[in-house]
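Visitor: model.cif (mmCIF, C-alpha atoms) pasted underneath:
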```
data_target
#
loop_
_atom_site.group_PDB
_atom_site.id
_atom_site.type_symbol
_atom_site.label_atom_id
_atom_site.label_comp_id
_atom_site.auth_asym_id
_atom_site.auth_seq_id
_atom_site.Cartn_x
_atom_site.Cartn_y
_atom_site.Cartn_z
ATOM 1 C CA MET U 837 15.289 -65.404 -66.765
ATOM 2 C CA ASP U 838 13.208 -63.941 -63.963
ATOM 3 C CA GLY U 839 13.028 -60.497 -65.426
ATOM 4 C CA THR U 840 10.923 -57.462 -64.732
ATOM 5 C CA GLU U 841 8.677 -56.179 -67.504
ATOM 6 C CA ILE U 842 9.552 -52.733 -68.763
ATOM 7 C CA THR U 843 8.589 -50.617 -71.763
ATOM 8 C CA CYS U 844 11.018 -50.299 -74.670
ATOM 9 C CA VAL U 845 10.270 -47.170 -76.708
ATOM 10 C CA THR U 846 11.918 -47.000 -80.147
ATOM 11 C CA ILE U 847 12.025 -43.724 -82.057
ATOM 12 C CA VAL U 848 13.367 -43.246 -85.592
ATOM 13 C CA THR U 849 13.810 -39.660 -86.672
ATOM 14 C CA GLU U 850 16.077 -37.159 -88.357
ATOM 15 C CA TYR U 851 19.694 -37.033 -87.248
ATOM 16 C CA VAL U 852 19.552 -33.289 -86.673
ATOM 17 C CA LEU U 853 17.052 -33.834 -83.869
ATOM 18 C CA GLU U 854 19.367 -36.053 -81.819
ATOM 19 C CA SER U 855 20.424 -33.637 -79.088
ATOM 20 C CA ARG U 856 16.928 -32.203 -78.698
ATOM 21 C CA LEU U 857 15.354 -35.655 -78.511
ATOM 22 C CA VAL U 858 17.884 -36.898 -75.974
ATOM 23 C CA ARG U 859 17.266 -33.834 -73.825
ATOM 24 C CA ASP U 860 13.534 -34.449 -74.020
ATOM 25 C CA LEU U 861 13.924 -38.132 -73.124
ATOM 26 C CA ALA U 862 15.933 -37.203 -70.037
ATOM 27 C CA ALA U 863 13.366 -34.550 -69.073
ATOM 28 C CA CYS U 864 10.635 -37.200 -69.334
ATOM 29 C CA GLY U 865 12.563 -39.386 -66.876
ATOM 30 C CA ALA U 866 14.525 -41.781 -69.089
ATOM 31 C CA THR U 867 17.822 -42.842 -67.491
ATOM 32 C CA GLY U 868 19.516 -44.267 -70.578
ATOM 33 C CA TRP U 869 19.191 -44.775 -74.323
ATOM 34 C CA THR U 870 20.899 -46.494 -77.226
ATOM 35 C CA ILE U 871 21.380 -44.706 -80.524
ATOM 36 C CA THR U 872 22.243 -46.236 -83.899
ATOM 37 C CA GLU U 873 22.584 -44.547 -87.251
ATOM 38 C CA ALA U 874 19.850 -45.485 -89.692
ATOM 39 C CA SER U 875 18.408 -44.773 -93.090
ATOM 40 C CA GLY U 876 14.994 -45.563 -94.452
ATOM 41 C CA GLN U 877 11.754 -44.369 -95.857
ATOM 42 C CA GLY U 878 8.554 -43.320 -94.172
ATOM 43 C CA PRO U 879 4.923 -43.380 -95.241
ATOM 44 C CA ARG U 880 5.212 -39.955 -96.845
ATOM 45 C CA GLY U 881 7.579 -41.395 -99.409
ATOM 46 C CA ARG U 882 10.397 -39.036 -98.564
ATOM 47 C CA ARG U 883 13.794 -40.694 -98.251
ATOM 48 C CA VAL U 884 14.635 -39.149 -94.902
ATOM 49 C CA SER U 885 18.128 -40.574 -95.079
ATOM 50 C CA GLU U 886 18.923 -38.203 -97.881
ATOM 51 C CA VAL U 887 17.879 -35.179 -95.890
ATOM 52 C CA GLU U 888 20.340 -33.514 -93.562
ATOM 53 C CA GLY U 889 22.560 -36.389 -92.557
ATOM 54 C CA GLY U 890 20.335 -39.421 -92.234
ATOM 55 C CA ASN U 891 18.289 -40.829 -89.415
ATOM 56 C CA ILE U 892 18.839 -42.062 -85.919
ATOM 57 C CA ARG U 893 17.162 -45.010 -84.209
ATOM 58 C CA VAL U 894 16.844 -44.420 -80.489
ATOM 59 C CA GLU U 895 15.813 -47.061 -77.975
ATOM 60 C CA THR U 896 15.058 -46.323 -74.341
ATOM 61 C CA LEU U 897 13.858 -48.637 -71.576
ATOM 62 C CA VAL U 898 11.479 -46.872 -69.232
ATOM 63 C CA SER U 899 8.596 -47.309 -66.816
ATOM 64 C CA ALA U 900 5.056 -47.160 -68.201
ATOM 65 C CA GLU U 901 4.700 -43.711 -66.678
ATOM 66 C CA VAL U 902 7.817 -42.334 -68.385
ATOM 67 C CA ALA U 903 6.777 -43.991 -71.662
ATOM 68 C CA GLU U 904 3.486 -42.126 -71.441
ATOM 69 C CA ARG U 905 5.307 -38.830 -70.977
ATOM 70 C CA ILE U 906 7.595 -39.537 -73.942
ATOM 71 C CA TRP U 907 4.602 -40.404 -76.052
ATOM 72 C CA ASP U 908 2.805 -37.175 -75.157
ATOM 73 C CA LYS U 909 5.945 -35.207 -75.978
ATOM 74 C CA LEU U 910 6.292 -36.874 -79.380
ATOM 75 C CA ALA U 911 2.621 -36.316 -80.173
ATOM 76 C CA ALA U 912 2.750 -32.655 -79.197
ATOM 77 C CA GLU U 913 6.103 -31.546 -80.587
ATOM 78 C CA TYR U 914 7.514 -34.096 -83.035
ATOM 79 C CA PHE U 915 4.762 -35.896 -84.947
ATOM 80 C CA PRO U 916 3.258 -32.668 -86.389
ATOM 81 C CA SER U 917 6.562 -31.275 -87.643
ATOM 82 C CA TYR U 918 9.101 -33.996 -88.364
ATOM 83 C CA ALA U 919 9.559 -37.369 -90.000
ATOM 84 C CA VAL U 920 9.221 -39.608 -86.936
ATOM 85 C CA ALA U 921 8.355 -43.254 -86.496
ATOM 86 C CA ALA U 922 7.862 -44.493 -82.951
ATOM 87 C CA TRP U 923 6.692 -47.702 -81.370
ATOM 88 C CA SER U 924 6.741 -49.422 -78.009
ATOM 89 C CA SER U 925 6.949 -52.990 -76.797
ATOM 90 C CA LYS U 926 7.326 -54.885 -73.554
ATOM 91 C CA VAL U 927 10.698 -56.416 -72.729
ATOM 92 C CA LEU U 928 12.238 -58.060 -69.675
ATOM 93 C CA VAL U 929 15.210 -56.669 -67.772
ATOM 94 C CA ALA U 930 17.257 -57.649 -64.776
ATOM 95 C CA ARG U 931 18.146 -54.830 -62.364
ATOM 96 C CA PRO U 932 14.889 -52.843 -62.820
ATOM 97 C CA GLU U 933 16.109 -50.222 -60.353
ATOM 98 C CA ARG U 934 18.446 -48.963 -63.083
ATOM 99 C CA TYR U 935 15.390 -47.834 -65.011
ATOM 100 C CA GLY U 936 13.563 -46.141 -62.184
ATOM 101 C CA LEU U 937 11.248 -49.084 -61.467
ATOM 102 C CA MET X 222 2.813 -66.202 -90.076
ATOM 103 C CA ASP X 223 2.826 -69.496 -88.234
ATOM 104 C CA GLY X 224 6.040 -68.861 -86.392
ATOM 105 C CA THR X 225 7.722 -70.458 -83.443
ATOM 106 C CA GLU X 226 8.274 -68.360 -80.341
ATOM 107 C CA ILE X 227 11.897 -67.775 -79.471
ATOM 108 C CA THR X 228 13.788 -65.473 -77.121
ATOM 109 C CA CYS X 229 15.535 -62.411 -78.526
ATOM 110 C CA VAL X 230 18.273 -61.220 -76.176
ATOM 111 C CA THR X 231 19.623 -57.702 -76.822
ATOM 112 C CA ILE X 232 22.856 -56.566 -75.196
ATOM 113 C CA VAL X 233 24.355 -53.073 -75.438
ATOM 114 C CA THR X 234 27.881 -52.756 -74.157
ATOM 115 C CA GLU X 235 31.347 -51.356 -74.808
ATOM 116 C CA TYR X 236 32.870 -51.960 -78.214
ATOM 117 C CA VAL X 237 36.055 -53.355 -76.712
ATOM 118 C CA LEU X 238 34.094 -56.295 -75.307
ATOM 119 C CA GLU X 239 32.846 -57.479 -78.711
ATOM 120 C CA SER X 240 35.062 -60.491 -79.276
ATOM 121 C CA ARG X 241 34.768 -61.671 -75.675
ATOM 122 C CA LEU X 242 30.986 -61.302 -75.697
ATOM 123 C CA VAL X 243 30.617 -63.142 -78.992
ATOM 124 C CA ARG X 244 32.791 -65.985 -77.678
ATOM 125 C CA ASP X 245 30.642 -66.166 -74.561
ATOM 126 C CA LEU X 246 27.408 -66.171 -76.574
ATOM 127 C CA ALA X 247 28.666 -69.086 -78.653
ATOM 128 C CA ALA X 248 29.787 -70.944 -75.520
ATOM 129 C CA CYS X 249 26.271 -70.488 -74.090
ATOM 130 C CA GLY X 250 24.828 -72.116 -77.215
ATOM 131 C CA ALA X 251 23.862 -69.188 -79.443
ATOM 132 C CA THR X 252 24.124 -70.052 -83.145
ATOM 133 C CA GLY X 253 24.016 -66.521 -84.559
ATOM 134 C CA TRP X 254 23.961 -62.839 -83.655
ATOM 135 C CA THR X 255 23.577 -59.423 -85.250
ATOM 136 C CA ILE X 256 25.840 -56.560 -84.251
ATOM 137 C CA THR X 257 25.320 -52.851 -84.898
ATOM 138 C CA GLU X 258 27.434 -49.920 -83.798
ATOM 139 C CA ALA X 259 25.756 -47.742 -81.214
ATOM 140 C CA SER X 260 26.243 -44.829 -78.908
ATOM 141 C CA GLY X 261 24.250 -43.785 -75.903
ATOM 142 C CA GLN X 262 24.096 -43.117 -72.231
ATOM 143 C CA GLY X 263 23.406 -45.421 -69.328
ATOM 144 C CA PRO X 264 21.931 -44.879 -65.881
ATOM 145 C CA ARG X 265 25.319 -44.010 -64.428
ATOM 146 C CA GLY X 266 25.421 -40.888 -66.562
ATOM 147 C CA ARG X 267 28.616 -41.823 -68.315
ATOM 148 C CA ARG X 268 28.565 -41.290 -72.072
ATOM 149 C CA VAL X 269 29.835 -44.742 -72.923
ATOM 150 C CA SER X 270 30.100 -43.796 -76.558
ATOM 151 C CA GLU X 271 32.968 -41.501 -75.718
ATOM 152 C CA VAL X 272 34.924 -44.223 -74.001
ATOM 153 C CA GLU X 273 37.152 -46.522 -76.007
ATOM 154 C CA GLY X 274 35.420 -46.578 -79.346
ATOM 155 C CA GLY X 275 31.722 -46.547 -78.658
ATOM 156 C CA ASN X 276 29.187 -49.246 -78.022
ATOM 157 C CA ILE X 277 27.823 -52.272 -79.765
ATOM 158 C CA ARG X 278 24.250 -53.501 -79.816
ATOM 159 C CA VAL X 279 24.110 -57.280 -80.112
ATOM 160 C CA GLU X 280 20.952 -59.276 -80.795
ATOM 161 C CA THR X 281 20.779 -63.042 -80.599
ATOM 162 C CA LEU X 282 17.804 -65.375 -81.062
ATOM 163 C CA VAL X 283 18.010 -68.348 -78.746
ATOM 164 C CA SER X 284 16.028 -70.984 -76.863
ATOM 165 C CA ALA X 285 14.822 -70.152 -73.360
ATOM 166 C CA GLU X 286 17.537 -72.427 -71.983
ATOM 167 C CA VAL X 287 20.338 -70.654 -73.840
ATOM 168 C CA ALA X 288 18.875 -67.267 -72.867
ATOM 169 C CA GLU X 289 19.072 -68.339 -69.245
ATOM 170 C CA ARG X 290 22.735 -69.262 -69.641
ATOM 171 C CA ILE X 291 23.513 -65.931 -71.316
ATOM 172 C CA TRP X 292 21.738 -64.110 -68.551
ATOM 173 C CA ASP X 293 23.703 -65.920 -65.846
ATOM 174 C CA LYS X 294 26.938 -65.133 -67.672
ATOM 175 C CA LEU X 295 26.077 -61.436 -67.915
ATOM 176 C CA ALA X 296 25.084 -61.280 -64.262
ATOM 177 C CA ALA X 297 28.259 -63.012 -63.123
ATOM 178 C CA GLU X 298 30.889 -61.464 -65.355
ATOM 179 C CA TYR X 299 29.583 -58.346 -67.111
ATOM 180 C CA PHE X 300 27.061 -56.485 -64.963
ATOM 181 C CA PRO X 301 29.482 -55.996 -62.026
ATOM 182 C CA SER X 302 32.337 -54.638 -64.137
ATOM 183 C CA TYR X 303 31.122 -53.002 -67.335
ATOM 184 C CA ALA X 304 28.555 -50.618 -68.741
ATOM 185 C CA VAL X 305 25.978 -53.130 -70.000
ATOM 186 C CA ALA X 306 22.290 -52.878 -70.780
ATOM 187 C CA ALA X 307 20.485 -56.100 -71.605
ATOM 188 C CA TRP X 308 16.898 -57.094 -72.192
ATOM 189 C CA SER X 309 14.922 -59.952 -73.660
ATOM 190 C CA SER X 310 11.669 -60.323 -75.530
ATOM 191 C CA LYS X 311 9.688 -62.989 -77.321
ATOM 192 C CA VAL X 312 9.669 -62.994 -81.117
ATOM 193 C CA LEU X 313 8.443 -65.371 -83.808
ATOM 194 C CA VAL X 314 10.702 -67.123 -86.303
ATOM 195 C CA ALA X 315 10.320 -69.536 -89.160
ATOM 196 C CA ARG X 316 12.882 -72.347 -89.345
ATOM 197 C CA PRO X 317 13.284 -72.791 -85.540
ATOM 198 C CA GLU X 318 15.815 -75.577 -86.121
ATOM 199 C CA ARG X 319 18.327 -72.889 -87.104
ATOM 200 C CA TYR X 320 18.279 -71.700 -83.509
ATOM 201 C CA GLY X 321 18.603 -75.048 -81.817
ATOM 202 C CA LEU X 322 14.864 -75.413 -81.089
ATOM 203 C CA MET Q 516 -0.005 -45.140 -74.263
ATOM 204 C CA ASP Q 517 -3.186 -46.201 -76.009
ATOM 205 C CA GLY Q 518 -1.493 -47.693 -78.999
ATOM 206 C CA THR Q 519 -2.592 -49.959 -81.790
ATOM 207 C CA GLU Q 520 -0.932 -53.348 -82.089
ATOM 208 C CA ILE Q 521 1.034 -53.824 -85.278
ATOM 209 C CA THR Q 522 3.577 -56.347 -86.555
ATOM 210 C CA CYS Q 523 7.266 -55.406 -86.572
ATOM 211 C CA VAL Q 524 9.179 -57.583 -89.049
ATOM 212 C CA THR Q 525 12.980 -57.533 -88.698
ATOM 213 C CA ILE Q 526 15.175 -58.910 -91.469
ATOM 214 C CA VAL Q 527 18.961 -59.241 -91.357
ATOM 215 C CA THR Q 528 20.606 -60.066 -94.647
ATOM 216 C CA GLU Q 529 23.442 -59.279 -97.022
ATOM 217 C CA TYR Q 530 24.035 -55.644 -97.879
ATOM 218 C CA VAL Q 531 23.977 -56.350 -101.604
ATOM 219 C CA LEU Q 532 20.317 -57.338 -101.345
ATOM 220 C CA GLU Q 533 19.202 -53.953 -99.964
ATOM 221 C CA SER Q 534 17.556 -52.456 -103.032
ATOM 222 C CA ARG Q 535 15.893 -55.718 -104.018
ATOM 223 C CA LEU Q 536 14.574 -56.292 -100.500
ATOM 224 C CA VAL Q 537 13.245 -52.759 -100.197
ATOM 225 C CA ARG Q 538 11.475 -53.103 -103.541
ATOM 226 C CA ASP Q 539 9.939 -56.383 -102.380
ATOM 227 C CA LEU Q 540 8.811 -54.869 -99.075
ATOM 228 C CA ALA Q 541 7.055 -52.055 -100.922
ATOM 229 C CA ALA Q 542 5.448 -54.530 -103.329
ATOM 230 C CA CYS Q 543 4.126 -56.489 -100.331
ATOM 231 C CA GLY Q 544 2.494 -53.310 -99.027
ATOM 232 C CA ALA Q 545 4.989 -51.923 -96.505
ATOM 233 C CA THR Q 546 4.856 -48.129 -96.286
ATOM 234 C CA GLY Q 547 8.142 -47.531 -94.482
ATOM 235 C CA TRP Q 548 11.274 -49.214 -93.135
ATOM 236 C CA THR Q 549 14.352 -48.477 -91.077
ATOM 237 C CA ILE Q 550 17.748 -49.767 -92.163
ATOM 238 C CA THR Q 551 20.915 -50.012 -90.075
ATOM 239 C CA GLU Q 552 24.285 -51.428 -91.030
ATOM 240 C CA ALA Q 553 25.141 -54.623 -89.221
ATOM 241 C CA SER Q 554 27.617 -57.434 -88.979
ATOM 242 C CA GLY Q 555 27.251 -60.838 -87.446
ATOM 243 C CA GLN Q 556 27.263 -64.554 -87.832
ATOM 244 C CA GLY Q 557 24.516 -66.959 -88.773
ATOM 245 C CA PRO Q 558 23.884 -70.603 -87.978
ATOM 246 C CA ARG Q 559 25.890 -71.745 -90.965
ATOM 247 C CA GLY Q 560 29.016 -70.352 -89.360
ATOM 248 C CA ARG Q 561 29.805 -68.013 -92.205
ATOM 249 C CA ARG Q 562 30.760 -64.503 -91.146
ATOM 250 C CA VAL Q 563 28.391 -62.765 -93.494
ATOM 251 C CA SER Q 564 29.848 -59.407 -92.583
ATOM 252 C CA GLU Q 565 33.029 -60.323 -94.382
ATOM 253 C CA VAL Q 566 31.217 -61.120 -97.593
ATOM 254 C CA GLU Q 567 30.436 -58.356 -100.036
ATOM 255 C CA GLY Q 568 30.100 -55.355 -97.774
ATOM 256 C CA GLY Q 569 28.434 -56.553 -94.596
ATOM 257 C CA ASN Q 570 24.838 -56.918 -93.564
ATOM 258 C CA ILE Q 571 21.798 -54.764 -93.188
ATOM 259 C CA ARG Q 572 19.157 -54.925 -90.481
ATOM 260 C CA VAL Q 573 15.778 -53.841 -91.815
ATOM 261 C CA GLU Q 574 12.729 -53.171 -89.654
ATOM 262 C CA THR Q 575 9.271 -52.558 -91.054
ATOM 263 C CA LEU Q 576 5.965 -52.012 -89.247
ATOM 264 C CA VAL Q 577 3.096 -53.580 -91.123
ATOM 265 C CA SER Q 578 -0.375 -55.084 -90.828
ATOM 266 C CA ALA Q 579 -0.656 -58.819 -90.168
ATOM 267 C CA GLU Q 580 -1.697 -59.287 -93.783
ATOM 268 C CA VAL Q 581 1.361 -57.497 -95.172
ATOM 269 C CA ALA Q 582 3.602 -59.373 -92.718
ATOM 270 C CA GLU Q 583 2.234 -62.613 -94.098
ATOM 271 C CA ARG Q 584 3.060 -61.527 -97.637
ATOM 272 C CA ILE Q 585 6.592 -60.531 -96.645
ATOM 273 C CA TRP Q 586 7.054 -63.857 -94.927
ATOM 274 C CA ASP Q 587 5.912 -65.800 -97.988
ATOM 275 C CA LYS Q 588 8.278 -63.763 -100.154
ATOM 276 C CA LEU Q 589 11.232 -64.451 -97.853
ATOM 277 C CA ALA Q 590 10.418 -68.158 -97.707
ATOM 278 C CA ALA Q 591 10.109 -68.453 -101.472
ATOM 279 C CA GLU Q 592 12.950 -66.270 -102.703
ATOM 280 C CA TYR Q 593 15.398 -65.431 -99.921
ATOM 281 C CA PHE Q 594 15.661 -68.251 -97.376
ATOM 282 C CA PRO Q 595 16.720 -70.869 -99.974
ATOM 283 C CA SER Q 596 19.471 -68.747 -101.524
ATOM 284 C CA TYR Q 597 20.840 -66.173 -99.092
ATOM 285 C CA ALA Q 598 22.030 -65.683 -95.536
ATOM 286 C CA VAL Q 599 18.859 -64.264 -93.994
ATOM 287 C CA ALA Q 600 17.592 -64.070 -90.441
ATOM 288 C CA ALA Q 601 14.058 -62.807 -89.954
ATOM 289 C CA TRP Q 602 11.707 -62.503 -87.031
ATOM 290 C CA SER Q 603 8.495 -60.744 -86.107
ATOM 291 C CA SER Q 604 7.019 -59.290 -82.946
ATOM 292 C CA LYS Q 605 4.049 -57.243 -81.863
ATOM 293 C CA VAL Q 606 4.564 -53.585 -81.035
ATOM 294 C CA LEU Q 607 2.297 -50.629 -80.309
ATOM 295 C CA VAL Q 608 2.067 -47.529 -82.484
ATOM 296 C CA ALA Q 609 0.161 -44.303 -82.476
ATOM 297 C CA ARG Q 610 -1.230 -43.156 -85.849
ATOM 298 C CA PRO Q 611 -1.961 -46.675 -87.208
ATOM 299 C CA GLU Q 612 -3.265 -45.157 -90.440
ATOM 300 C CA ARG Q 613 0.354 -44.459 -91.406
ATOM 301 C CA TYR Q 614 0.890 -48.189 -91.647
ATOM 302 C CA GLY Q 615 -2.178 -49.055 -93.646
ATOM 303 C CA LEU Q 616 -4.229 -50.171 -90.624
#
```
Show how you would write the structure in this file as structure tokens.

Guide:
Amino acid sequence: MDGTEITCVTIVTEYVLESRLVRDLAACGATGWTITEASGQGPRGRRVSEVEGGNIRVETLVSAEVAERIWDKLAAEYFPSYAVAAWSSKVLVARPERYGL
Amino acid sequence: MDGTEITCVTIVTEYVLESRLVRDLAACGATGWTITEASGQGPRGRRVSEVEGGNIRVETLVSAEVAERIWDKLAAEYFPSYAVAAWSSKVLVARPERYGL
Amino acid sequence: MDGTEITCVTIVTEYVLESRLVRDLAACGATGWTITEASGQGPRGRRVSEVEGGNIRVETLVSAEVAERIWDKLAAEYFPSYAVAAWSSKVLVARPERYGL
């Protein structure tokens, strides 16, 4: 596959934050995302899944610039206050124009 | 881990396409796949999750050759007609013979 | 994003193994994990999802050393006896201290 490299940002956080997070992703420039229900445990030892309806796992494919904006948003407004795990990786896509590239 | 590099293809699409997609993956040479229920939004702004039963997120680990065949299939028969997001990345596995390598 | 590279280990296996697997991950040194419900098919052709309550997909972000321990555990006690797919990849995280790095 002759794909174009793009950044995949994955965020796992509390279910109650879904609509706020999605709004923030869109504001940062993301054009799409995939959400799955999740459970789990974070480094603080709290079973987040037992708190307020479980977790969500959100994936979004974005340009490096948008990824940077998402990261800054998470660092400023999510990491200090909520149970959040987030990571990024490079993946290949066809049709990069769909993702603002 | 001394793993073997293999291609992980992830496809997010409409739930109603599950059995067709799985049949196509097998025909392309995939020997296994993992499916999770998903929701989300794509670049066209349509909330696919609200249409006909939500989305599925399908992962399959395959050789580069099989990945190429899957990609051609998606480009020919899925991308033009359906809400589909797809990407690929390199991952490491033990027991590469399970995946046709 | 100026992230730190870390190993993401993904394990797909039978739902009934969840508590045992989570206990083993913690014993290997993992500090958190994300679990989603899954279905699917493996190379042996058995639809694992139809057996005893479906599958789980577990992701954990760990140091290379912990990943190695998890891998040895899977190879010794899971691969020979259960339907298990497992793979690893490199991802970037902020706050690497959360993951024992």

Visitor: I'd like the residues picked by the PyMOL selection byres ((chain U) within 10 of (chain Q)) written out as JSON, numbers by chain, using the chain letters and numbers from the file.

Guide: {"U": [844, 845, 846, 848, 849, 872, 873, 874, 875, 876, 877, 878, 879, 880, 881, 882, 883, 885, 891, 892, 893, 900, 901, 903, 904, 905, 906, 907, 908, 911, 915, 921, 922, 923, 924, 925, 926]}

Visitor: Which is closest to U:Val898 among U:Glu913, U:Leu857, U:Leu937, U:Val920, if we use only C-alpha atoms?

Guide: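 Distance minimum relative to U:Val898 lands on U:Leu937.
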
Visitor: Please report the interatomic distance between atom CA of Q:Val581 and atom CA of Q:Glu533 in Å with one decimal.

Guide: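 Atom-to-atom, atom CA of Q:Val581 to atom CA of Q:Glu533, that is 18.8 Å.
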
Visitor: What separation in Å, quoted to one decimal, exists between atom CA of X:Lys294 and atom CA of X:Ala248?

Guide: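 Atom-to-atom, atom CA of X:Lys294 to atom CA of X:Ala248, that is 10.2 Å.
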
Visitor: Would you mind reading off the distance between atom CA of Q:Arg538 and atom CA of Q:Ser596, one decimal, in Å?

Guide: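 Computing the Euclidean distance for atom CA of Q:Arg538 and atom CA of Q:Ser596 yields 17.7 Å.
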
Visitor: Measuring atom to atom with only C-alpha atoms, identify which of U:Gly865, U:Leu853, U:Tyr914, U:Asp860 is nearest to U:Gly890.

Guide: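 Of all the options, U:Leu853 lies closest to U:Gly890.
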